[in-house]
$ cat work-v3.txt   # compact mmCIF, C-alpha atoms and all ligand atoms
# COMPACT_ATOMS: atom_id res chain seq x y z
CA MET A 1 -38.05 72.83 33.58
CA THR A 2 -40.15 75.93 34.20
CA GLU A 3 -43.29 75.63 36.30
CA ILE A 4 -45.65 78.59 36.05
CA ASP A 5 -47.86 79.20 39.09
CA PRO A 6 -51.45 78.97 37.75
CA ASP A 7 -52.49 81.75 40.15
CA SER A 8 -49.99 84.29 38.84
CA PRO A 9 -51.31 86.71 36.21
CA VAL A 10 -50.13 86.33 32.61
CA LEU A 11 -49.02 89.41 30.68
CA VAL A 12 -50.06 89.53 27.01
CA THR A 13 -48.56 92.36 24.96
CA GLY A 14 -50.51 93.70 21.97
CA GLY A 15 -53.73 92.47 23.60
CA SER A 16 -55.97 94.14 21.00
CA GLY A 17 -54.48 92.15 18.10
CA TYR A 18 -56.00 89.37 16.01
CA VAL A 19 -53.81 86.60 17.43
CA ALA A 20 -53.75 88.03 20.96
CA GLY A 21 -57.57 88.11 21.18
CA TRP A 22 -57.70 84.32 21.08
CA ILE A 23 -54.73 83.97 23.46
CA VAL A 24 -56.46 86.22 26.01
CA ARG A 25 -59.74 84.36 25.57
CA TYR A 26 -58.23 80.89 26.05
CA LEU A 27 -56.19 82.04 29.06
CA LEU A 28 -59.37 83.36 30.69
CA GLU A 29 -61.27 80.18 29.82
CA ALA A 30 -58.43 78.21 31.45
CA GLY A 31 -59.03 80.20 34.63
CA ARG A 32 -55.97 82.47 34.45
CA ALA A 33 -55.80 86.16 35.30
CA VAL A 34 -54.62 88.21 32.32
CA ARG A 35 -53.06 91.62 31.98
CA ALA A 36 -53.26 92.79 28.38
CA THR A 37 -51.23 95.75 27.16
CA VAL A 38 -52.66 98.05 24.48
CA ARG A 39 -51.41 101.36 23.15
CA ASP A 40 -54.58 103.18 24.12
CA PRO A 41 -56.87 101.54 26.71
CA GLN A 42 -59.40 104.38 26.27
CA LYS A 43 -59.83 104.09 22.52
CA ALA A 44 -63.41 103.80 21.37
CA ALA A 45 -62.92 101.21 18.62
CA GLY A 46 -61.10 97.88 18.62
CA LEU A 47 -61.33 96.92 22.28
CA GLY A 48 -65.00 95.82 22.43
CA HIS A 49 -64.13 92.12 22.35
CA LEU A 50 -61.73 92.59 25.28
CA HIS A 51 -64.34 94.52 27.28
CA ALA A 52 -66.80 91.67 26.60
CA LEU A 53 -64.24 89.11 27.81
CA ALA A 54 -63.58 91.20 30.93
CA ALA A 55 -67.33 91.27 31.66
CA ALA A 56 -67.61 87.49 31.13
CA HIS A 57 -64.64 86.81 33.47
CA PRO A 58 -65.08 89.37 36.25
CA GLY A 59 -61.89 90.60 37.90
CA ARG A 60 -59.56 88.53 35.69
CA LEU A 61 -58.76 90.75 32.72
CA SER A 62 -57.24 94.22 32.96
CA LEU A 63 -55.96 96.51 30.21
CA HIS A 64 -52.70 98.44 30.60
CA ARG A 65 -51.17 101.17 28.49
CA ALA A 66 -47.81 100.31 26.87
CA ASP A 67 -46.06 101.18 23.63
CA LEU A 68 -43.29 99.16 22.00
CA LEU A 69 -41.31 102.34 21.40
CA ASP A 70 -41.72 103.60 24.95
CA GLU A 71 -38.92 102.20 27.11
CA GLY A 72 -40.10 100.85 30.45
CA SER A 73 -43.79 101.12 29.55
CA PHE A 74 -44.35 97.37 30.06
CA THR A 75 -42.73 97.17 33.51
CA GLU A 76 -45.68 98.21 35.67
CA ALA A 77 -48.14 95.76 34.08
CA MET A 78 -45.58 92.94 34.35
CA ALA A 79 -45.10 93.13 38.14
CA GLY A 80 -45.95 89.75 39.71
CA CYS A 81 -46.33 87.91 36.37
CA GLU A 82 -44.44 84.64 35.88
CA LEU A 83 -45.36 84.27 32.20
CA VAL A 84 -45.09 86.99 29.57
CA ILE A 85 -46.55 86.39 26.10
CA HIS A 86 -45.15 89.00 23.73
CA THR A 87 -47.30 89.23 20.61
CA ALA A 88 -47.19 92.98 19.87
CA SER A 89 -45.50 93.72 16.55
CA PRO A 90 -46.88 95.18 13.35
CA PHE A 91 -47.75 92.71 10.58
CA LEU A 92 -48.25 94.93 7.54
CA VAL A 93 -48.16 93.68 3.95
CA GLY A 94 -48.07 95.54 0.66
CA LYS A 95 -46.03 98.59 -0.25
CA LEU A 96 -45.08 100.64 2.82
CA ASP A 97 -43.89 104.25 2.89
CA ASN A 98 -41.29 103.65 5.57
CA PRO A 99 -40.67 99.97 6.39
CA HIS A 100 -37.98 100.87 8.90
CA ASP A 101 -40.30 103.00 11.04
CA GLN A 102 -43.44 100.98 10.37
CA LEU A 103 -42.03 97.48 10.88
CA ILE A 104 -38.41 97.11 11.82
CA ARG A 105 -38.15 99.67 14.60
CA PRO A 106 -41.26 98.57 16.55
CA ALA A 107 -40.37 94.87 16.15
CA LEU A 108 -36.75 95.21 17.25
CA GLU A 109 -36.90 98.06 19.76
CA GLY A 110 -40.19 96.66 21.06
CA THR A 111 -38.57 93.28 21.76
CA ARG A 112 -35.66 95.02 23.50
CA ASN A 113 -38.02 97.13 25.60
CA VAL A 114 -40.31 94.25 26.60
CA LEU A 115 -37.31 92.06 27.50
CA ALA A 116 -35.68 94.92 29.44
CA SER A 117 -38.88 95.02 31.51
CA VAL A 118 -38.64 91.21 31.91
CA ASP A 119 -35.05 91.60 33.14
CA ALA A 120 -36.28 94.21 35.62
CA THR A 121 -39.17 92.05 36.90
CA PRO A 122 -37.99 89.30 39.28
CA SER A 123 -41.25 87.32 39.11
CA VAL A 124 -40.94 86.46 35.39
CA LYS A 125 -39.85 82.88 34.69
CA ARG A 126 -40.77 82.42 31.04
CA VAL A 127 -41.32 84.54 27.92
CA VAL A 128 -43.26 83.21 24.94
CA LEU A 129 -42.49 85.34 21.89
CA THR A 130 -44.76 85.37 18.86
CA SER A 131 -42.21 85.08 16.12
CA SER A 132 -43.11 83.78 12.65
CA VAL A 133 -42.09 81.38 9.94
CA ALA A 134 -40.83 84.65 8.44
CA ALA A 135 -37.88 84.23 10.83
CA VAL A 136 -37.39 80.66 9.56
CA TYR A 137 -37.20 81.44 5.84
CA GLY A 138 -37.20 84.54 3.67
CA ASP A 139 -38.30 83.54 0.18
CA ASN A 140 -39.99 80.35 -0.99
CA ALA A 141 -36.88 79.76 -3.12
CA ASP A 142 -34.95 79.16 0.12
CA MET A 143 -36.65 75.71 0.00
CA ALA A 144 -34.27 74.63 -2.76
CA GLY A 145 -32.66 71.34 -1.72
CA LYS A 146 -34.79 70.93 1.43
CA ALA A 147 -37.68 68.55 2.16
CA ALA A 148 -39.23 71.00 4.60
CA PHE A 149 -38.34 74.02 6.73
CA THR A 150 -37.74 73.09 10.37
CA ASP A 151 -37.18 75.04 13.57
CA ALA A 152 -33.43 74.71 12.92
CA ASP A 153 -33.72 77.01 9.88
CA TRP A 154 -33.17 80.75 10.00
CA ASN A 155 -34.11 83.40 7.50
CA THR A 156 -30.86 84.60 5.95
CA THR A 157 -32.24 86.21 2.79
CA SER A 158 -34.47 89.09 3.94
CA SER A 159 -33.14 92.61 4.37
CA ALA A 160 -34.19 96.20 4.99
CA THR A 161 -35.12 96.44 1.30
CA HIS A 162 -36.41 92.94 0.50
CA GLN A 163 -39.14 91.16 2.51
CA GLU A 164 -39.04 93.86 5.18
CA TYR A 165 -41.65 92.25 7.44
CA SER A 166 -39.70 88.98 7.43
CA HIS A 167 -36.56 90.95 8.19
CA SER A 168 -38.28 92.65 11.15
CA LYS A 169 -39.34 89.31 12.62
CA THR A 170 -35.90 87.77 12.11
CA LEU A 171 -34.10 90.67 13.79
CA ALA A 172 -36.58 90.64 16.68
CA GLU A 173 -36.33 86.90 17.28
CA ARG A 174 -32.53 86.86 17.05
CA GLU A 175 -32.37 89.75 19.52
CA ALA A 176 -34.70 87.92 21.91
CA TRP A 177 -32.47 84.82 21.93
CA LYS A 178 -29.42 87.02 22.50
CA ILE A 179 -30.99 88.85 25.44
CA CYS A 180 -32.22 85.57 26.92
CA ALA A 181 -28.75 84.02 26.69
CA ALA A 182 -27.30 86.85 28.79
CA GLN A 183 -29.16 85.71 31.93
CA ASP A 184 -30.51 82.51 33.52
CA ARG A 185 -33.65 83.52 35.46
CA TRP A 186 -36.19 83.23 32.62
CA ASP A 187 -36.38 81.03 29.57
CA LEU A 188 -37.57 81.91 26.09
CA ILE A 189 -39.88 79.93 23.83
CA THR A 190 -40.84 81.17 20.38
CA VAL A 191 -43.96 80.28 18.45
CA ASN A 192 -43.34 80.61 14.70
CA PRO A 193 -46.72 80.63 12.94
CA GLY A 194 -47.36 80.51 9.21
CA LEU A 195 -50.00 82.81 7.74
CA VAL A 196 -52.63 82.93 10.46
CA LEU A 197 -56.23 82.64 9.26
CA GLY A 198 -59.51 81.83 10.98
CA PRO A 199 -62.21 83.88 12.67
CA SER A 200 -61.20 87.25 14.03
CA MET A 201 -62.68 88.52 17.29
CA THR A 202 -62.16 92.10 16.12
CA THR A 203 -62.78 94.00 12.88
CA SER A 204 -60.17 96.61 13.85
CA SER A 205 -57.03 94.55 13.21
CA VAL A 206 -54.88 95.72 10.30
CA SER A 207 -52.97 92.42 10.31
CA GLY A 208 -51.72 91.08 6.98
CA SER A 209 -54.08 88.14 7.61
CA MET A 210 -57.01 90.47 7.03
CA THR A 211 -55.32 92.06 4.00
CA THR A 212 -54.77 88.60 2.47
CA MET A 213 -58.35 87.43 2.97
CA GLY A 214 -59.57 90.83 1.76
CA HIS A 215 -58.20 89.93 -1.69
CA PHE A 216 -60.89 87.24 -1.92
CA VAL A 217 -63.63 89.88 -1.82
CA ASP A 218 -62.05 92.92 -3.50
CA GLY A 219 -61.87 91.50 -7.04
CA SER A 220 -58.07 91.65 -7.25
CA LEU A 221 -57.87 87.89 -7.95
CA THR A 222 -60.73 87.70 -10.47
CA LEU A 223 -58.45 87.21 -13.48
CA GLY A 224 -56.32 84.68 -11.63
CA ALA A 225 -53.91 84.41 -8.72
CA PRO A 226 -50.11 84.46 -8.70
CA ALA A 227 -48.77 80.96 -7.94
CA LEU A 228 -47.87 81.90 -4.39
CA SER A 229 -47.91 79.40 -1.54
CA PHE A 230 -47.89 79.95 2.22
CA ALA A 231 -47.97 77.89 5.37
CA VAL A 232 -51.48 78.34 6.76
CA VAL A 233 -52.47 77.92 10.39
CA ASP A 234 -55.65 78.51 12.36
CA VAL A 235 -55.64 81.47 14.74
CA ARG A 236 -57.21 79.29 17.45
CA ASP A 237 -54.42 76.72 17.10
CA VAL A 238 -51.81 79.48 17.21
CA ALA A 239 -53.33 80.67 20.48
CA LEU A 240 -53.33 77.13 21.90
CA THR A 241 -49.69 76.74 20.85
CA HIS A 242 -48.83 79.86 22.90
CA LEU A 243 -50.68 78.53 25.95
CA SER A 244 -49.06 75.13 25.68
CA ALA A 245 -45.62 76.70 25.15
CA GLY A 246 -46.21 78.81 28.25
CA PHE A 247 -47.38 76.07 30.58
CA THR A 248 -45.46 72.97 29.39
CA PRO A 249 -42.56 72.87 31.86
CA ASP A 250 -40.04 71.28 29.49
CA ALA A 251 -41.03 73.24 26.36
CA ARG A 252 -37.92 74.68 24.72
CA GLY A 253 -36.75 76.47 21.62
CA ARG A 254 -38.82 77.33 18.57
CA TYR A 255 -42.19 75.84 17.63
CA ILE A 256 -43.44 76.05 14.07
CA ALA A 257 -47.22 76.48 14.02
CA ALA A 258 -48.50 75.51 10.57
CA SER A 259 -51.09 73.02 9.41
CA GLY A 260 -50.35 72.88 5.69
CA ALA A 261 -49.08 74.83 2.72
CA LEU A 262 -51.69 76.33 0.40
CA SER A 263 -51.55 78.53 -2.66
CA LEU A 264 -53.86 81.47 -3.28
CA LEU A 265 -55.63 79.28 -5.83
CA ASP A 266 -56.05 76.52 -3.22
CA ILE A 267 -57.67 79.06 -0.88
CA GLY A 268 -59.94 80.20 -3.72
CA LYS A 269 -60.99 76.58 -4.34
CA VAL A 270 -61.78 76.02 -0.65
CA LEU A 271 -63.91 79.17 -0.67
CA GLY A 272 -65.63 78.16 -3.93
CA ASN A 273 -66.51 74.75 -2.51
CA ALA A 274 -67.89 76.25 0.69
CA PHE A 275 -69.62 79.40 -0.57
CA GLY A 276 -70.22 78.75 -4.28
CA ARG A 277 -68.40 80.10 -7.31
CA ARG A 278 -67.82 83.86 -7.17
CA ARG A 279 -65.97 86.25 -9.45
CA SER A 280 -63.74 87.30 -6.55
CA PHE A 281 -62.50 83.73 -5.94
CA PRO A 282 -59.61 82.92 -8.31
CA ARG A 283 -60.17 79.92 -10.59
CA ARG A 284 -56.78 79.83 -12.29
CA GLU A 285 -53.17 80.74 -11.70
CA LEU A 286 -51.68 83.61 -13.68
CA PRO A 287 -48.65 82.73 -15.79
CA THR A 288 -45.55 83.79 -13.88
CA SER A 289 -44.41 85.82 -16.90
CA VAL A 290 -47.56 87.96 -16.55
CA VAL A 291 -47.05 88.37 -12.80
CA ARG A 292 -43.45 89.43 -13.50
CA LEU A 293 -44.63 91.98 -16.04
CA VAL A 294 -47.21 93.62 -13.78
CA ALA A 295 -45.21 93.23 -10.54
CA PRO A 296 -44.13 96.88 -10.13
CA ALA A 297 -47.71 98.07 -10.72
CA ILE A 298 -49.00 95.87 -7.87
CA GLY A 299 -46.26 96.83 -5.43
CA LEU A 300 -43.98 93.79 -5.94
CA THR A 301 -40.42 93.65 -7.18
CA ARG A 302 -39.44 91.27 -9.98
CA PHE A 303 -36.80 89.90 -7.61
CA TYR A 304 -39.62 88.97 -5.20
CA VAL A 305 -41.58 87.30 -8.00
CA ASP A 306 -38.56 85.31 -9.15
CA ARG A 307 -37.87 84.02 -5.64
CA ASN A 308 -41.42 83.30 -4.54
CA VAL A 309 -43.94 82.76 -7.32
CA GLY A 310 -44.14 79.16 -8.49
CA TRP A 311 -42.06 77.76 -5.63
CA PRO A 312 -43.75 75.10 -3.47
CA ILE A 313 -43.14 75.23 0.26
CA ARG A 314 -43.34 72.76 3.14
CA PHE A 315 -42.95 72.93 6.94
CA ASP A 316 -42.20 70.44 9.68
CA ASN A 317 -44.63 71.07 12.56
CA SER A 318 -43.80 67.84 14.42
CA ARG A 319 -42.36 69.47 17.56
CA SER A 320 -45.58 71.46 18.09
CA ARG A 321 -47.68 68.35 17.60
CA ILE A 322 -45.58 66.00 19.72
CA GLU A 323 -44.17 68.23 22.47
CA LEU A 324 -47.04 70.71 22.80
CA GLY A 325 -49.90 68.38 21.86
CA ILE A 326 -51.33 70.65 19.16
CA ASP A 327 -53.77 68.97 16.78
CA PHE A 328 -53.77 71.47 13.91
CA ARG A 329 -57.15 72.01 12.25
CA PRO A 330 -57.29 71.30 8.52
CA PRO A 331 -56.82 74.53 6.51
CA GLN A 332 -60.22 73.98 4.81
CA GLU A 333 -61.97 74.47 8.16
CA THR A 334 -59.82 77.49 8.99
CA ILE A 335 -60.49 79.25 5.69
CA THR A 336 -64.22 78.49 5.74
CA ASP A 337 -64.57 79.73 9.33
CA HIS A 338 -62.59 82.87 8.46
CA PHE A 339 -64.90 83.72 5.56
CA GLU A 340 -68.00 82.96 7.66
CA GLN A 341 -66.73 85.50 10.19
CA MET A 342 -66.21 88.02 7.37
CA ILE A 343 -69.86 87.49 6.38
CA THR A 344 -70.99 87.95 9.99
CA ASP A 345 -68.92 91.14 10.21
CA GLY A 346 -70.36 92.52 6.95
CA ILE A 347 -66.97 92.36 5.17
CA ALA A 348 -68.20 89.68 2.73
CA LYS A 349 -71.66 88.89 1.37
CA ARG A 350 -73.35 85.54 1.97
P1 LIG A 401 -52.47 92.63 14.64
O1 LIG A 401 -53.89 92.25 14.78
O2 LIG A 401 -52.16 93.83 13.80
O3 LIG A 401 -51.83 92.81 16.06
C1 LIG A 401 -50.63 93.49 16.25
C2 LIG A 401 -50.62 94.08 17.62
O4 LIG A 401 -49.40 94.81 17.79
C3 LIG A 401 -51.76 95.06 17.86
O5 LIG A 401 -52.37 94.69 19.06
C4 LIG A 401 -51.09 96.40 17.99
O6 LIG A 401 -51.65 97.19 19.00
C5 LIG A 401 -49.70 96.00 18.44
N1 LIG A 401 -48.75 97.05 18.13
C6 LIG A 401 -48.35 97.47 16.92
N2 LIG A 401 -47.48 98.49 17.06
C7 LIG A 401 -47.36 98.70 18.38
C8 LIG A 401 -46.63 99.62 19.19
N3 LIG A 401 -45.81 100.56 18.67
N4 LIG A 401 -46.75 99.52 20.53
C9 LIG A 401 -47.56 98.61 21.10
N5 LIG A 401 -48.29 97.73 20.41
C10 LIG A 401 -48.18 97.78 19.07
O7 LIG A 401 -51.60 91.44 14.02
P2 LIG A 401 -51.54 89.88 14.35
O8 LIG A 401 -51.70 89.18 13.07
O9 LIG A 401 -52.43 89.55 15.48
O10 LIG A 401 -50.03 89.76 14.80
C11 LIG A 401 -49.67 89.49 16.15
C12 LIG A 401 -48.30 88.87 16.18
O11 LIG A 401 -48.31 87.66 15.44
C13 LIG A 401 -47.20 89.74 15.54
O12 LIG A 401 -46.04 89.57 16.33
C14 LIG A 401 -47.03 89.10 14.17
O13 LIG A 401 -45.74 89.34 13.65
C15 LIG A 401 -47.23 87.64 14.54
N6 LIG A 401 -47.57 86.78 13.40
C16 LIG A 401 -48.71 86.99 12.72
C17 LIG A 401 -49.02 86.18 11.64
C18 LIG A 401 -50.27 86.35 10.86
O14 LIG A 401 -50.42 85.72 9.80
N7 LIG A 401 -51.23 87.16 11.34
C19 LIG A 401 -48.15 85.13 11.29
C20 LIG A 401 -46.99 84.94 12.03
C21 LIG A 401 -46.71 85.77 13.10
P3 LIG A 401 -52.60 98.46 18.78
O15 LIG A 401 -53.98 97.97 18.96
O16 LIG A 401 -52.19 99.42 19.79
O17 LIG A 401 -52.37 98.93 17.36

$ encode --input "work-v3.txt" --output "structure tokens"
Amino acid sequence: MTEIDPDSPVLVTGGSGYVAGWIVRYLLEAGRAVRATVRDPQKAAGLGHLHALAAAHPGRLSLHRADLLDEGSFTEAMAGCELVIHTASPFLVGKLDNPHDQLIRPALEGTRNVLASVDATPSVKRVVLTSSVAAVYGDNADMAGKAAFTDADWNTTSSATHQEYSHSKTLAEREAWKICAAQDRWDLITVNPGLVLGPSMTTSSVSGSMTTMGHFVDGSLTLGAPALSFAVVDVRDVALTHLSAGFTPDARGRYIAASGALSLLDIGKVLGNAFGRRRSFPRRELPTSVVRLVAPAIGLTRFYVDRNVGWPIRFDNSRSRIELGIDFRPPQETITDHFEQMITDGIAKR
């Protein structure tokens, strides 16, 4: 049982991010004081929504400089906090020049550095780590023989050269559990979201969520979509899952945050129903043989295609619903609200 003093400030790492924006907002709306770490608190773009939240909640939100690769940089902002919510980690999709430096190093070293600061900060009682379903499974084909992925599953199929982002999240989460097990002052809870969609409070995020939704306006799915399915979850529900994980005294372990599994075609259909038929919304699935053929040209390996395209996927979110009281929004609402926000932000046309 871990009781967090409601008057102690909450530290949120990666405060400028897509997911973190909603966590910070809901913490403030719940009356908490929040310290958000960002790499550059002075930067001109990407922090406007946090400045607006600070103005709306005077004296309760402060920004602090910290970098995942800079040992000890989180310690000062953490002083006096009982709850640390560690979201900072790059979520980049597509072909990367240097996955080790761009993903794996910041995820793993960042987790070590944040948790070293936790170990050095006597006030901290609980850490909520934003992990991912990417630490639960690697490829959709890992579903073979299972009814659904649960929080007991671990990704054993990703590596430094295959599904690098998933590998980075798996290494980081495993490291966090190892560091936690070496002491008994603070406990660790992980939130393992599926693909997070829903309205973004910032247009500056380079999250893979934005890249994915960008494909529904850039024409890349006009001829059809690969038969690829993901667990989808609303960003607002992911934020609520973090808050509930932080403040539910007997929360424990890993919590899968996912409302349902959808394919790219399913997302296209939701968008077509809500916004009318458009060329950029896929209306059919591409034959897997075609996807296989063009895979190298679109930055995918044939190994990836074989292990992911055409495989259905399912997740068990019951612990989040029952223990944390999360009532996941239907994906249709999430996707529609996400696209509405893209229209408001000028990324998509009405
Ligand atoms: P995001 O908008 O790109 O946020 C990532 C955050 O990480 C940014 O605030 C960024 O800060 C910070 N960051 C990156 N490198 C850093 C470094 N070296 N030092 C300090 N901060 C650094 O992405 P997101 O989608 O919100 O992702 C947030 C978390 O959710 C990540 O842990 C991600 O793995 C996890 N997650 C996301 C999804 C999803 O579908 N979006 C699904 C499951 C899990 P700067 O502003 O300084 O760049």

$ closest_atom_pairs --input "work-v3.txt" --of "chain A" --to "ligand LIG 401 (chain A)" --cutoff "7 Å" --atoms "only C-alpha atoms and all ligand atoms" --output "CSV"
residue,atom,partner,partner_atom,distance
A:Gly14,CA,A:LIG401,O5,3.6
A:Gly15,CA,A:LIG401,O5,5.2
A:Ser16,CA,A:LIG401,O5,4.1
A:Gly17,CA,A:LIG401,O1,3.4
A:Tyr18,CA,A:LIG401,O9,3.6
A:Val19,CA,A:LIG401,O9,3.8
A:Ala20,CA,A:LIG401,O9,5.8
A:Val38,CA,A:LIG401,O16,4.9
A:Arg39,CA,A:LIG401,O16,4.0
A:Asp40,CA,A:LIG401,O16,6.2
A:Ala66,CA,A:LIG401,C9,6.0
A:Asp67,CA,A:LIG401,N4,3.6
A:Leu68,CA,A:LIG401,N4,3.8
A:Leu69,CA,A:LIG401,N3,5.6
A:Thr87,CA,A:LIG401,O12,4.5
A:Ala88,CA,A:LIG401,O4,3.5
A:Ser89,CA,A:LIG401,O12,4.2
A:Pro90,CA,A:LIG401,C6,4.5
A:Phe91,CA,A:LIG401,O13,5.0
A:Pro106,CA,A:LIG401,N3,5.4
A:Thr130,CA,A:LIG401,O12,5.1
A:Ser131,CA,A:LIG401,C21,5.5
A:Ser132,CA,A:LIG401,C20,4.1
A:Val133,CA,A:LIG401,C20,6.4
A:Lys169,CA,A:LIG401,O13,6.5
A:Asn192,CA,A:LIG401,C20,6.3
A:Pro193,CA,A:LIG401,C20,4.4
A:Gly194,CA,A:LIG401,C19,5.1
A:Leu195,CA,A:LIG401,O14,3.6
A:Val196,CA,A:LIG401,O14,3.6
A:Leu197,CA,A:LIG401,O14,6.6
A:Ser205,CA,A:LIG401,O1,4.2
A:Val206,CA,A:LIG401,O2,4.8
A:Ser207,CA,A:LIG401,O2,3.9
A:Gly208,CA,A:LIG401,N7,5.9
A:Ser209,CA,A:LIG401,N7,4.8

$ closest_residue --input "work-v3.txt" --among "A:Thr344, A:Ser204, A:Ser166, A:Ser229" --to "Val309 in chain A" --atoms "all atoms listed in the file"
A:Ser229

$ closest_residue --input "work-v3.txt" --among "A:Gly198, A:Gly299, A:Pro122, A:Gly253" --to "Met210 in chain A" --atoms "all atoms listed in the file"
A:Gly198

$ residues_around --input "work-v3.txt" --residues "Leu265 in chain A" --least-positions-apart "3" --cutoff "10 Å" --atoms "only C-alpha atoms" --output "ChimeraX atom specification"
/A:221,224-229,262,268-271,281-286

$ atom_distance --input "work-v3.txt" --atom1 "CA of Met78 in chain A" --atom2 "CA of Gly21 in chain A"
18.5 Å

$ atom_distance --input "work-v3.txt" --atom1 "CA of Thr212 in chain A" --atom2 "CA of Pro330 in chain A"
18.5 Å
